[in-house]
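Step one of this worksheet: look at the structure below.
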Amino acid sequence: MDLTPQLAADFAAMPASLTEREIKPKRVEHLKDAVLGGRALAFNWMRAKVTDSGILYRVNGQHSSAMLTQLNGQFPDDLKVHIDDYEVPDNASLALLFRQIDNRMSARTIEDISGAYQGLQTDLVDVPRSSARRAIEGAAWYRKKIIGDDVPTGDERFSLFNDTALHPFIQMVGRIVSAKTPEFTTPVIGTMCGTWEREPSVSEVFWDEVAKQGGGNEENHPTTALDKWLLEARERDDKPREMEVHRTCVLAWNAHRHGRTLDRIGKYDPKKGSPDIE
């Protein structure tokens with residue numbers, strides 16, 4: 001059906017099913033941005049008549065219909081809506097009907113969104129999706145938190161897959177990071193991005209050694225010391241802040257670059273910040 005301001009207002013004013021979610025302002029704002037940005041697909045709304053009472057309830061479409069009534073003269077003239085009508089015997093059946101809408105098992109995960117962008121890059125098809133997603137999240141973190149660049153946020157950050165200059169980094173992360181390296185959090189992978197930009201070949205050797213628990217039996221070898229610190233950080237009740245993780249990674253990297261041991265890491269001082277990646 002053509003979606004008009006009157007249809008949206010009528011739907012928003014319908015009796016709401018008792019199963020309906022609490023309205024979330026952020027969800028309304030997200031839908032508004034999609035409509036005004038020209039990205040809205042046809043809306044899918046649902047009504048259900050309860051046989052026992054004869055009442056016709058709104059079952060789905062609360063957020064979108066409420067959003068459309070708030071556009072104040074900005075209502076596009078080419079929107080469409082698909083409305084499904086159901087009949088259920090009683091109120092208890094409304095819950096079963098509600099469960100079928102946007103079923104949680106069918107919801108898009110963050111890895112699905114990341115994979116959609118990754119799949120468009122032919123040279124990245126062999127990189128495990130989880131590793132590629134973590135590489136992009138790390139690169140976005142590094143560019144924003146350390147470099148100070150204006151980078152996309154939320155799902156939009158996966159548009160960084162289109163930056164072909166990052167592809168060798170993503171491939172490197174795919175060779176190193178896996179489910180067996182949970183200590184490689186976003187700031188760790190972000191620091192990986194910084195070291196890769198500084199010296200790609202040395203970076204892969206360094207981080208591969210960290211992932212494999214470092215330089216053998218040498219406890220003060222930078223890669224051994226860093227891996228030990230990262231593993232212990234995961235067990236701490238007071239989890240280290242992102243910049244503390246970054247600083248520790250840089251200390252180990254710089255020591256490795258200059259052939260030094262890493263005897264102590266020391267306490268993080270936010271006022272002093274982190275050293276530069278050498």
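Naming scheme: A, B, ... for chains in displayed order of the structure tokens; residues 1 onward per chain; ligands 1 onward as shown.
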
### Task
Please provide the set of residues having any atom within 10 Å of segment 106-123 of chain A, restricted to only C-alpha atoms, with same-chain residues fewer than 3 positions apart removed, written as a list in words.
Gln100, Ile101, Asp102, Asn103, Asp126, Val127, Pro128, Arg129, Ser130, Ser131, Ala132, Arg133, Arg134, Ile136, Glu137, Gly154, Asp155, Glu156, Arg157, Phe158, Ser159, Leu160, Phe161, Asn162, Asp163, Thr164, His167, Pro168 and Gln171 of chain A

### Query
If we count only C-alpha atoms, what is near segment 86-98 of chain A at a cut-off of 7 Å, once residues fewer than 3 positions away on the same chain are taken out, given as a PyMOL selection string?
chain A and resi 19+47-52+59+101

#### Entry: 12 Å contact set for Ala255 of chain A, only C-alpha atoms, chain neighbours under 4 positions out, as a ChimeraX atom specification
/A:206,220-226,248-251,259-265,275,277-278

Take the selection from the previous step and output its residues with C-alpha atoms, as an mmCIF file, in the first residue's frame.
```
data_model
loop_
_atom_site.group_PDB
_atom_site.id
_atom_site.type_symbol
_atom_site.label_atom_id
_atom_site.label_comp_id
_atom_site.auth_asym_id
_atom_site.auth_seq_id
_atom_site.Cartn_x
_atom_site.Cartn_y
_atom_site.Cartn_z
ATOM 1 C CA PHE A 206 56.052 -9.831 16.387
ATOM 2 C CA ASN A 220 61.590 -11.017 29.665
ATOM 3 C CA HIS A 221 61.419 -11.424 25.901
ATOM 4 C CA PRO A 222 59.017 -8.645 24.761
ATOM 5 C CA THR A 223 56.591 -11.029 23.059
ATOM 6 C CA THR A 224 56.555 -13.402 26.037
ATOM 7 C CA ALA A 225 56.090 -10.569 28.527
ATOM 8 C CA LEU A 226 53.299 -9.024 26.479
ATOM 9 C CA THR A 248 51.650 -1.954 27.127
ATOM 10 C CA CYS A 249 51.531 -3.215 23.553
ATOM 11 C CA VAL A 250 53.617 -0.256 22.349
ATOM 12 C CA LEU A 251 56.192 -0.759 25.110
ATOM 13 C CA GLY A 259 66.383 -5.772 20.535
ATOM 14 C CA ARG A 260 65.792 -5.030 24.208
ATOM 15 C CA THR A 261 64.290 -7.202 26.921
ATOM 16 C CA LEU A 262 61.151 -6.104 28.771
ATOM 17 C CA ASP A 263 61.941 -6.499 32.448
ATOM 18 C CA ARG A 264 59.024 -4.457 33.770
ATOM 19 C CA ILE A 265 55.957 -2.772 32.362
ATOM 20 C CA PRO A 275 54.933 6.295 23.816
ATOM 21 C CA ILE A 277 55.173 3.451 17.962
ATOM 22 C CA GLU A 278 58.821 3.253 16.869
#
```

### Task
Go through A:Arg99, A:Lys228, A:Lys26, A:Lys212 and flag the residue nearest His63 of chain A, using only C-alpha atoms for the distances.
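Nearest to His63 of chain A: A:Lys26.
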
### Message
Please identify the strand (DSSP E) residues within segment 3-137 of chain A (assignment by DSSP from backbone atoms) and present them as an MDAnalysis selection string.
### Response
chainID A and resid 43:50 56:60 81:88
